[in-house]
Amino acid sequence: METKIFKREQLDEAVSLLREGGLVAFPTETVYGLGALATRDDSVKKVYAAKGRPSDNPLIVTVADEAMMRPYAKEVPERAEKLIKHFWPGPLTILLLAKEGALPESVTGGLPTVAFRCPDDQLTHDLIAKLGYPIVGPSANTSTKPSPTTAQHVYHDLKGKIAGIVDGGETEVGLESTIVDLSVNPAVVLRPGKITPEEISQVLGEEVLINRGQVSDKDVPKAPGMKYRHYAPSAQVYVVDQAETFDKLDLDASCGVMATSDLLENLPVPEENKFNLGKNLTEADHNLFAGLRYFDDRPEIKSIYVEGFDQGEESLAYMNRLNKAAGGHHV
Ligand code: TXA
Ligand code: MG
């Protein structure tokens, strides 16, 4: 299958492909998603196949606005209304009880809940609005690889397996959306993202819990994605918790380093083995996945040392992705 790249002028072509049951990747403010008509079981199943994703890991339902979400939710509690009003469109995914039978079981993996997301991206808003139906939207990477932050990353992983990619340039945030479970009380943040638990708590005017639990393969976890290997490049990743540690590392030509500009500057490592995460945490969020992918294309790199951040809730999302990529290895 030829994988076409679409610009804004060709949006109608992308809409037609989705309407016919095809797979089209789309930009969001977080990472690129892999779209398919959420109302069609056969289309949804193609998403699992293209990504190589286990079928018990449910998919986010991506909508153009709140009205498009309503027919698929059993109810929209006041707490959800508050969050939607405040954060949508934006990088917050909301878990609600599903309306029975409204979506194919392949979307929810048989769970009683559905994850809804309304991305802050004009191209994708227009794509879904023209289609008139929600699309599923897992990250558009091969399962276990870092999420894609450019159309080129998507092409690298999924060329020949999907019908098209809507190219909206580099994504802004760089890490996936915050997921908050509103089917329980108090609400629980299942996956940290740019929107922090504190911000959610302030808007709700109530306590919000954070799920930090490690989940084993035997469990049925609340966010099924948590139990799977993630963001893992071929080389071994190490989290470097203290900046001083970089000076003590025995770095050779098989080592890659990902750090902020100031730190990187003075390290005795060949330039091509350095990946600049930027000036601060926000830029590091934006660049993390691109950096992991950069070294994945360099088979001679066996270890990657990545700067850790300790900035409270602000660094939860970054450290969550980095810890997964490192499989818990710290130096
Ligand atoms: O920023 C994002 O959320 C991106 C962009 C493309 O929108 N999407 C994304 O999707 O990260 P994905 O599939 O890579 O991650 C969604 C996570 C998975 O870990 C999945 O297990 C969880 O959400 N999830 C989906 N539906 C769920 C449900 N009903 N209950 C619990 N967890 C759910
Ligand atoms: Mg993903």
# chains A, B, ... in the order shown; residues from 1 in each chain; ligands from 1

call {"tool": "closest_atom_pairs", "arguments": {"of": "chain A", "to": "ligand 1", "cutoff": "8 Å", "atoms": "only C-alpha atoms and all ligand atoms", "output": "JSON lines"}}
result
{"residue": "A:Phe26", "atom": "CA", "partner": "ligand 1", "partner_atom_place_in_ligand_line": "6 (C)", "distance": 7.7}
{"residue": "A:Pro27", "atom": "CA", "partner": "ligand 1", "partner_atom_place_in_ligand_line": "6 (C)", "distance": 7.4}
{"residue": "A:Thr28", "atom": "CA", "partner": "ligand 1", "partner_atom_place_in_ligand_line": "5 (C)", "distance": 6.2}
{"residue": "A:Glu29", "atom": "CA", "partner": "ligand 1", "partner_atom_place_in_ligand_line": "1 (O)", "distance": 7.6}
{"residue": "A:Thr30", "atom": "CA", "partner": "ligand 1", "partner_atom_place_in_ligand_line": "1 (O)", "distance": 4.9}
{"residue": "A:Val31", "atom": "CA", "partner": "ligand 1", "partner_atom_place_in_ligand_line": "6 (C)", "distance": 5.2}
{"residue": "A:Tyr32", "atom": "CA", "partner": "ligand 1", "partner_atom_place_in_ligand_line": "6 (C)", "distance": 4.8}
{"residue": "A:Gly33", "atom": "CA", "partner": "ligand 1", "partner_atom_place_in_ligand_line": "6 (C)", "distance": 3.4}
{"residue": "A:Leu34", "atom": "CA", "partner": "ligand 1", "partner_atom_place_in_ligand_line": "6 (C)", "distance": 6.8}
{"residue": "A:Asn57", "atom": "CA", "partner": "ligand 1", "partner_atom_place_in_ligand_line": "21 (O)", "distance": 4.8}
{"residue": "A:Pro58", "atom": "CA", "partner": "ligand 1", "partner_atom_place_in_ligand_line": "26 (N)", "distance": 4.4}
{"residue": "A:Leu59", "atom": "CA", "partner": "ligand 1", "partner_atom_place_in_ligand_line": "25 (C)", "distance": 4.4}
{"residue": "A:Ile60", "atom": "CA", "partner": "ligand 1", "partner_atom_place_in_ligand_line": "25 (C)", "distance": 4.8}
{"residue": "A:Val61", "atom": "CA", "partner": "ligand 1", "partner_atom_place_in_ligand_line": "26 (N)", "distance": 7.9}
{"residue": "A:Thr62", "atom": "CA", "partner": "ligand 1", "partner_atom_place_in_ligand_line": "7 (O)", "distance": 7.0}
{"residue": "A:Pro91", "atom": "CA", "partner": "ligand 1", "partner_atom_place_in_ligand_line": "1 (O)", "distance": 6.2}
{"residue": "A:Leu92", "atom": "CA", "partner": "ligand 1", "partner_atom_place_in_ligand_line": "3 (O)", "distance": 7.5}
{"residue": "A:Thr93", "atom": "CA", "partner": "ligand 1", "partner_atom_place_in_ligand_line": "3 (O)", "distance": 6.4}
{"residue": "A:Leu95", "atom": "CA", "partner": "ligand 1", "partner_atom_place_in_ligand_line": "29 (N)", "distance": 6.3}
{"residue": "A:Leu96", "atom": "CA", "partner": "ligand 1", "partner_atom_place_in_ligand_line": "29 (N)", "distance": 7.8}
{"residue": "A:Val107", "atom": "CA", "partner": "ligand 1", "partner_atom_place_in_ligand_line": "26 (N)", "distance": 7.6}
{"residue": "A:Thr108", "atom": "CA", "partner": "ligand 1", "partner_atom_place_in_ligand_line": "29 (N)", "distance": 5.2}
{"residue": "A:Gly109", "atom": "CA", "partner": "ligand 1", "partner_atom_place_in_ligand_line": "29 (N)", "distance": 7.5}
{"residue": "A:Leu111", "atom": "CA", "partner": "ligand 1", "partner_atom_place_in_ligand_line": "29 (N)", "distance": 5.8}
{"residue": "A:Pro112", "atom": "CA", "partner": "ligand 1", "partner_atom_place_in_ligand_line": "29 (N)", "distance": 7.0}
{"residue": "A:Thr113", "atom": "CA", "partner": "ligand 1", "partner_atom_place_in_ligand_line": "29 (N)", "distance": 4.4}
{"residue": "A:Val114", "atom": "CA", "partner": "ligand 1", "partner_atom_place_in_ligand_line": "29 (N)", "distance": 4.0}
{"residue": "A:Ala115", "atom": "CA", "partner": "ligand 1", "partner_atom_place_in_ligand_line": "26 (N)", "distance": 4.6}
{"residue": "A:Arg117", "atom": "CA", "partner": "ligand 1", "partner_atom_place_in_ligand_line": "7 (O)", "distance": 6.6}
{"residue": "A:Cys118", "atom": "CA", "partner": "ligand 1", "partner_atom_place_in_ligand_line": "7 (O)", "distance": 8.0}
{"residue": "A:Pro119", "atom": "CA", "partner": "ligand 1", "partner_atom_place_in_ligand_line": "7 (O)", "distance": 6.6}
{"residue": "A:Gly137", "atom": "CA", "partner": "ligand 1", "partner_atom_place_in_ligand_line": "6 (C)", "distance": 5.1}
{"residue": "A:Pro138", "atom": "CA", "partner": "ligand 1", "partner_atom_place_in_ligand_line": "13 (O)", "distance": 3.3}
{"residue": "A:Ser139", "atom": "CA", "partner": "ligand 1", "partner_atom_place_in_ligand_line": "14 (O)", "distance": 4.0}
{"residue": "A:Ala140", "atom": "CA", "partner": "ligand 1", "partner_atom_place_in_ligand_line": "6 (C)", "distance": 6.8}
{"residue": "A:Ser147", "atom": "CA", "partner": "ligand 1", "partner_atom_place_in_ligand_line": "14 (O)", "distance": 7.4}
{"residue": "A:Leu175", "atom": "CA", "partner": "ligand 1", "partner_atom_place_in_ligand_line": "1 (O)", "distance": 6.7}
{"residue": "A:Glu176", "atom": "CA", "partner": "ligand 1", "partner_atom_place_in_ligand_line": "1 (O)", "distance": 3.4}
{"residue": "A:Ser177", "atom": "CA", "partner": "ligand 1", "partner_atom_place_in_ligand_line": "1 (O)", "distance": 3.7}
{"residue": "A:Thr178", "atom": "CA", "partner": "ligand 1", "partner_atom_place_in_ligand_line": "3 (O)", "distance": 7.0}
{"residue": "A:Ile179", "atom": "CA", "partner": "ligand 1", "partner_atom_place_in_ligand_line": "23 (O)", "distance": 6.9}
{"residue": "A:Asp181", "atom": "CA", "partner": "ligand 1", "partner_atom_place_in_ligand_line": "31 (C)", "distance": 7.7}
{"residue": "A:Leu190", "atom": "CA", "partner": "ligand 1", "partner_atom_place_in_ligand_line": "32 (N)", "distance": 7.6}
{"residue": "A:Arg191", "atom": "CA", "partner": "ligand 1", "partner_atom_place_in_ligand_line": "17 (C)", "distance": 7.7}
{"residue": "A:Pro221", "atom": "CA", "partner": "ligand 1", "partner_atom_place_in_ligand_line": "31 (C)", "distance": 7.8}
{"residue": "A:Lys222", "atom": "CA", "partner": "ligand 1", "partner_atom_place_in_ligand_line": "31 (C)", "distance": 5.0}
{"residue": "A:Ala223", "atom": "CA", "partner": "ligand 1", "partner_atom_place_in_ligand_line": "32 (N)", "distance": 3.4}
{"residue": "A:Pro224", "atom": "CA", "partner": "ligand 1", "partner_atom_place_in_ligand_line": "21 (O)", "distance": 4.0}
{"residue": "A:Gly225", "atom": "CA", "partner": "ligand 1", "partner_atom_place_in_ligand_line": "19 (O)", "distance": 3.2}
{"residue": "A:Met226", "atom": "CA", "partner": "ligand 1", "partner_atom_place_in_ligand_line": "19 (O)", "distance": 5.7}

call {"tool": "residues_around", "arguments": {"residues": "region 253-269 of chain A", "least_positions_apart": "2", "cutoff": "6 Å", "atoms": "only C-alpha atoms", "output": "tab-separated table (two decimals) with C-alpha atoms, in the first residue's frame"}}
result
chain	number	residue	atom	x	y	z
A	251	LEU	CA	31.87	7.51	27.85
A	273	ASN	CA	26.83	11.15	19.83
A	274	LYS	CA	25.19	14.16	21.49
A	275	PHE	CA	21.52	15.03	21.28
A	276	ASN	CA	20.54	18.46	22.54
A	277	LEU	CA	17.32	18.37	24.60
A	278	GLY	CA	17.11	22.17	24.56
A	279	LYS	CA	17.34	24.79	27.28
A	300	GLU	CA	26.71	1.40	16.87
A	301	ILE	CA	25.21	3.17	19.89
A	302	LYS	CA	24.77	0.62	22.69
A	303	SER	CA	23.99	2.88	25.67
A	304	ILE	CA	22.13	6.18	25.89
A	305	TYR	CA	22.54	8.40	28.96
A	306	VAL	CA	19.64	10.82	29.40
A	307	GLU	CA	19.36	13.75	31.79

call {"tool": "residues_around", "arguments": {"residues": "Leu322 (chain A)", "least_positions_apart": "6", "cutoff": "9 Å", "atoms": "only C-alpha atoms", "output": "ChimeraX atom specification"}}
result
/A:231,237-239,288,306,308,328

call {"tool": "write_last_selection", "arguments": {"atoms": "N, CA and C atoms", "output": "mmCIF file, in the first residue's frame"}}
result
data_model
loop_
_atom_site.group_PDB
_atom_site.id
_atom_site.type_symbol
_atom_site.label_atom_id
_atom_site.label_comp_id
_atom_site.auth_asym_id
_atom_site.auth_seq_id
_atom_site.Cartn_x
_atom_site.Cartn_y
_atom_site.Cartn_z
ATOM 1 N N TYR A 231 8.369 3.005 24.542
ATOM 2 C CA TYR A 231 9.364 4.032 24.219
ATOM 3 C C TYR A 231 10.772 3.482 24.167
ATOM 4 N N VAL A 237 18.881 2.388 27.690
ATOM 5 C CA VAL A 237 18.771 3.781 28.150
ATOM 6 C C VAL A 237 19.038 3.844 29.655
ATOM 7 N N TYR A 238 19.795 4.844 30.099
ATOM 8 C CA TYR A 238 20.021 5.085 31.527
ATOM 9 C C TYR A 238 19.565 6.488 31.877
ATOM 10 N N VAL A 239 18.836 6.612 32.980
ATOM 11 C CA VAL A 239 18.466 7.927 33.484
ATOM 12 C C VAL A 239 19.616 8.445 34.333
ATOM 13 N N LEU A 288 12.320 14.855 23.648
ATOM 14 C CA LEU A 288 12.704 13.536 24.179
ATOM 15 C C LEU A 288 12.549 12.397 23.161
ATOM 16 N N VAL A 306 20.596 9.713 29.568
ATOM 17 C CA VAL A 306 19.640 10.817 29.403
ATOM 18 C C VAL A 306 19.454 11.583 30.711
ATOM 19 N N GLY A 308 17.943 13.407 33.729
ATOM 20 C CA GLY A 308 16.681 13.374 34.459
ATOM 21 C C GLY A 308 16.340 14.760 34.986
ATOM 22 N N GLY A 328 13.672 1.350 34.041
ATOM 23 C CA GLY A 328 14.034 1.521 35.447
ATOM 24 C C GLY A 328 15.529 1.634 35.716
#

call {"tool": "closest_residue", "arguments": {"among": "A:Pro146, A:Pro299, A:Gly291, A:Gly22", "to": "ligand 2", "atoms": "only C-alpha atoms and all ligand atoms"}}
result
A:Pro146

call {"tool": "select_by_dssp", "arguments": {"residues": "region 76-196 of chain A", "states": "strand (DSSP E or B)", "output": "JSON, numbers by chain"}}
result
{"A": [92, 93, 94, 95, 96, 97, 98, 113, 114, 115, 116, 117, 135, 136, 139, 164, 165, 166, 178, 179, 180, 181, 187, 188, 189, 190, 191]}

call {"tool": "closest_residue", "arguments": {"among": "A:Val184, A:Val47, A:Ile5, A:Leu97", "to": "ligand 2", "atoms": "only C-alpha atoms and all ligand atoms"}}
result
A:Val47

call {"tool": "decode", "arguments": {"residues": "region 144-296 of chain A", "atoms": "C-alpha atoms", "output": "short mmCIF file (atom, residue, chain, number, x, y, z; two decimals), in the first residue's frame"}}
result
data_model
loop_
_atom_site.label_atom_id
_atom_site.label_comp_id
_atom_site.auth_asym_id
_atom_site.auth_seq_id
_atom_site.Cartn_x
_atom_site.Cartn_y
_atom_site.Cartn_z
CA THR A 144 7.02 -0.28 21.96
CA LYS A 145 8.77 2.49 19.94
CA PRO A 146 8.82 6.15 21.00
CA SER A 147 5.71 8.11 20.01
CA PRO A 148 6.06 10.15 16.78
CA THR A 149 6.40 13.92 16.95
CA THR A 150 6.79 14.47 13.18
CA ALA A 151 5.09 13.08 10.07
CA GLN A 152 8.49 11.62 9.13
CA HIS A 153 8.56 9.54 12.35
CA VAL A 154 5.14 8.14 11.43
CA TYR A 155 6.31 7.39 7.89
CA HIS A 156 9.40 5.63 9.25
CA ASP A 157 7.31 3.26 11.39
CA LEU A 158 4.15 2.75 9.33
CA LYS A 159 4.93 3.31 5.62
CA GLY A 160 3.17 0.73 3.48
CA LYS A 161 0.84 -0.18 6.35
CA ILE A 162 -1.44 2.88 6.39
CA ALA A 163 -3.23 4.87 3.68
CA GLY A 164 -1.99 8.32 4.61
CA ILE A 165 -0.50 10.88 6.98
CA VAL A 166 -1.80 14.42 7.46
CA ASP A 167 1.36 16.48 7.86
CA GLY A 168 1.01 19.28 10.40
CA GLY A 169 4.71 19.72 11.10
CA GLU A 170 6.39 19.10 14.45
CA THR A 171 4.06 18.61 17.41
CA GLU A 172 4.28 21.22 20.14
CA VAL A 173 4.18 19.41 23.50
CA GLY A 174 6.00 16.23 22.48
CA LEU A 175 4.61 13.93 25.21
CA GLU A 176 1.18 12.26 25.18
CA SER A 177 -1.87 13.73 26.89
CA THR A 178 -2.65 13.50 30.59
CA ILE A 179 -5.27 10.78 31.19
CA VAL A 180 -7.70 11.34 34.05
CA ASP A 181 -10.20 8.69 35.16
CA LEU A 182 -13.54 10.27 36.06
CA SER A 183 -15.35 6.93 36.36
CA VAL A 184 -14.05 6.70 39.94
CA ASN A 185 -14.18 8.99 42.94
CA PRO A 186 -11.85 10.76 43.64
CA ALA A 187 -10.57 11.19 40.09
CA VAL A 188 -7.26 9.48 39.29
CA VAL A 189 -4.53 10.60 36.90
CA LEU A 190 -3.56 7.40 35.11
CA ARG A 191 -0.91 8.91 32.84
CA PRO A 192 0.89 12.19 33.58
CA GLY A 193 1.11 14.80 30.82
CA LYS A 194 1.52 18.53 30.35
CA ILE A 195 -1.64 19.23 32.37
CA THR A 196 -0.66 18.42 35.97
CA PRO A 197 -2.77 16.73 38.69
CA GLU A 198 -2.60 20.03 40.62
CA GLU A 199 -4.15 21.96 37.70
CA ILE A 200 -6.93 19.37 37.38
CA SER A 201 -7.53 19.44 41.12
CA GLN A 202 -7.83 23.23 41.07
CA VAL A 203 -10.42 23.22 38.30
CA LEU A 204 -12.45 20.44 39.96
CA GLY A 205 -12.14 21.96 43.41
CA GLU A 206 -11.42 18.53 44.82
CA GLU A 207 -8.63 16.08 45.50
CA VAL A 208 -7.13 14.14 42.59
CA LEU A 209 -5.09 10.97 43.04
CA ILE A 210 -2.05 9.99 41.00
CA ASN A 211 -1.58 6.41 39.93
CA ARG A 212 2.10 5.57 40.30
CA GLY A 213 1.53 1.84 40.57
CA GLN A 214 3.74 -0.59 38.74
CA VAL A 215 1.53 -3.05 36.98
CA SER A 216 2.45 -6.66 36.30
CA ASP A 217 1.43 -8.71 33.28
CA LYS A 218 -1.00 -10.72 35.38
CA ASP A 219 -3.09 -7.73 36.40
CA VAL A 220 -5.91 -6.10 34.54
CA PRO A 221 -4.65 -2.54 34.98
CA LYS A 222 -6.80 0.58 34.90
CA ALA A 223 -4.80 1.96 31.97
CA PRO A 224 -3.94 -1.24 30.16
CA GLY A 225 -1.09 0.43 28.28
CA MET A 226 0.84 0.67 31.54
CA LYS A 227 1.85 -2.96 31.63
CA TYR A 228 3.55 -2.95 28.24
CA ARG A 229 7.10 -2.10 27.30
CA HIS A 230 7.24 1.45 25.98
CA TYR A 231 9.36 4.03 24.22
CA ALA A 232 12.21 1.58 24.10
CA PRO A 233 14.99 2.11 21.55
CA SER A 234 17.34 -0.76 20.71
CA ALA A 235 20.17 0.61 22.92
CA GLN A 236 20.00 0.47 26.73
CA VAL A 237 18.77 3.78 28.15
CA TYR A 238 20.02 5.08 31.53
CA VAL A 239 18.47 7.93 33.48
CA VAL A 240 21.12 10.27 34.86
CA ASP A 241 19.62 11.69 38.04
CA GLN A 242 22.39 14.12 39.04
CA ALA A 243 24.04 16.46 36.53
CA GLU A 244 27.48 15.84 38.16
CA THR A 245 27.23 12.16 37.27
CA PHE A 246 27.78 12.98 33.58
CA ASP A 247 31.40 13.95 34.38
CA LYS A 248 32.05 10.61 36.09
CA LEU A 249 30.71 8.41 33.30
CA ASP A 250 33.20 6.43 31.24
CA LEU A 251 31.87 7.51 27.85
CA ASP A 252 33.17 5.91 24.64
CA ALA A 253 32.09 5.87 20.96
CA SER A 254 29.26 3.42 21.71
CA CYS A 255 27.59 5.89 24.10
CA GLY A 256 24.98 8.47 23.24
CA VAL A 257 24.14 11.37 25.53
CA MET A 258 20.87 13.35 25.68
CA ALA A 259 21.00 16.46 27.85
CA THR A 260 20.24 20.18 27.95
CA SER A 261 22.60 22.50 26.06
CA ASP A 262 24.73 23.74 28.99
CA LEU A 263 25.42 20.26 30.27
CA LEU A 264 26.15 18.85 26.84
CA GLU A 265 28.61 21.53 25.83
CA ASN A 266 31.48 20.40 28.05
CA LEU A 267 31.17 16.65 27.66
CA PRO A 268 34.06 14.78 25.98
CA VAL A 269 31.80 13.00 23.47
CA PRO A 270 31.84 13.25 19.63
CA GLU A 271 29.23 15.73 18.39
CA GLU A 272 27.24 13.06 16.56
CA ASN A 273 26.83 11.15 19.83
CA LYS A 274 25.19 14.16 21.49
CA PHE A 275 21.52 15.03 21.28
CA ASN A 276 20.54 18.46 22.54
CA LEU A 277 17.32 18.37 24.60
CA GLY A 278 17.11 22.17 24.56
CA LYS A 279 17.34 24.79 27.28
CA ASN A 280 14.82 23.58 29.85
CA LEU A 281 12.23 20.96 30.81
CA THR A 282 9.58 22.23 28.37
CA GLU A 283 12.04 21.92 25.48
CA ALA A 284 13.17 18.52 26.79
CA ASP A 285 9.51 17.32 26.75
CA HIS A 286 9.32 18.49 23.15
CA ASN A 287 12.57 16.75 22.12
CA LEU A 288 12.70 13.54 24.18
CA PHE A 289 11.12 11.14 21.68
CA ALA A 290 12.99 12.61 18.69
CA GLY A 291 16.24 12.03 20.61
CA LEU A 292 15.46 8.39 21.36
CA ARG A 293 14.65 7.91 17.68
CA TYR A 294 17.86 9.66 16.61
CA PHE A 295 19.95 7.04 18.40
CA ASP A 296 17.72 4.20 17.23
#
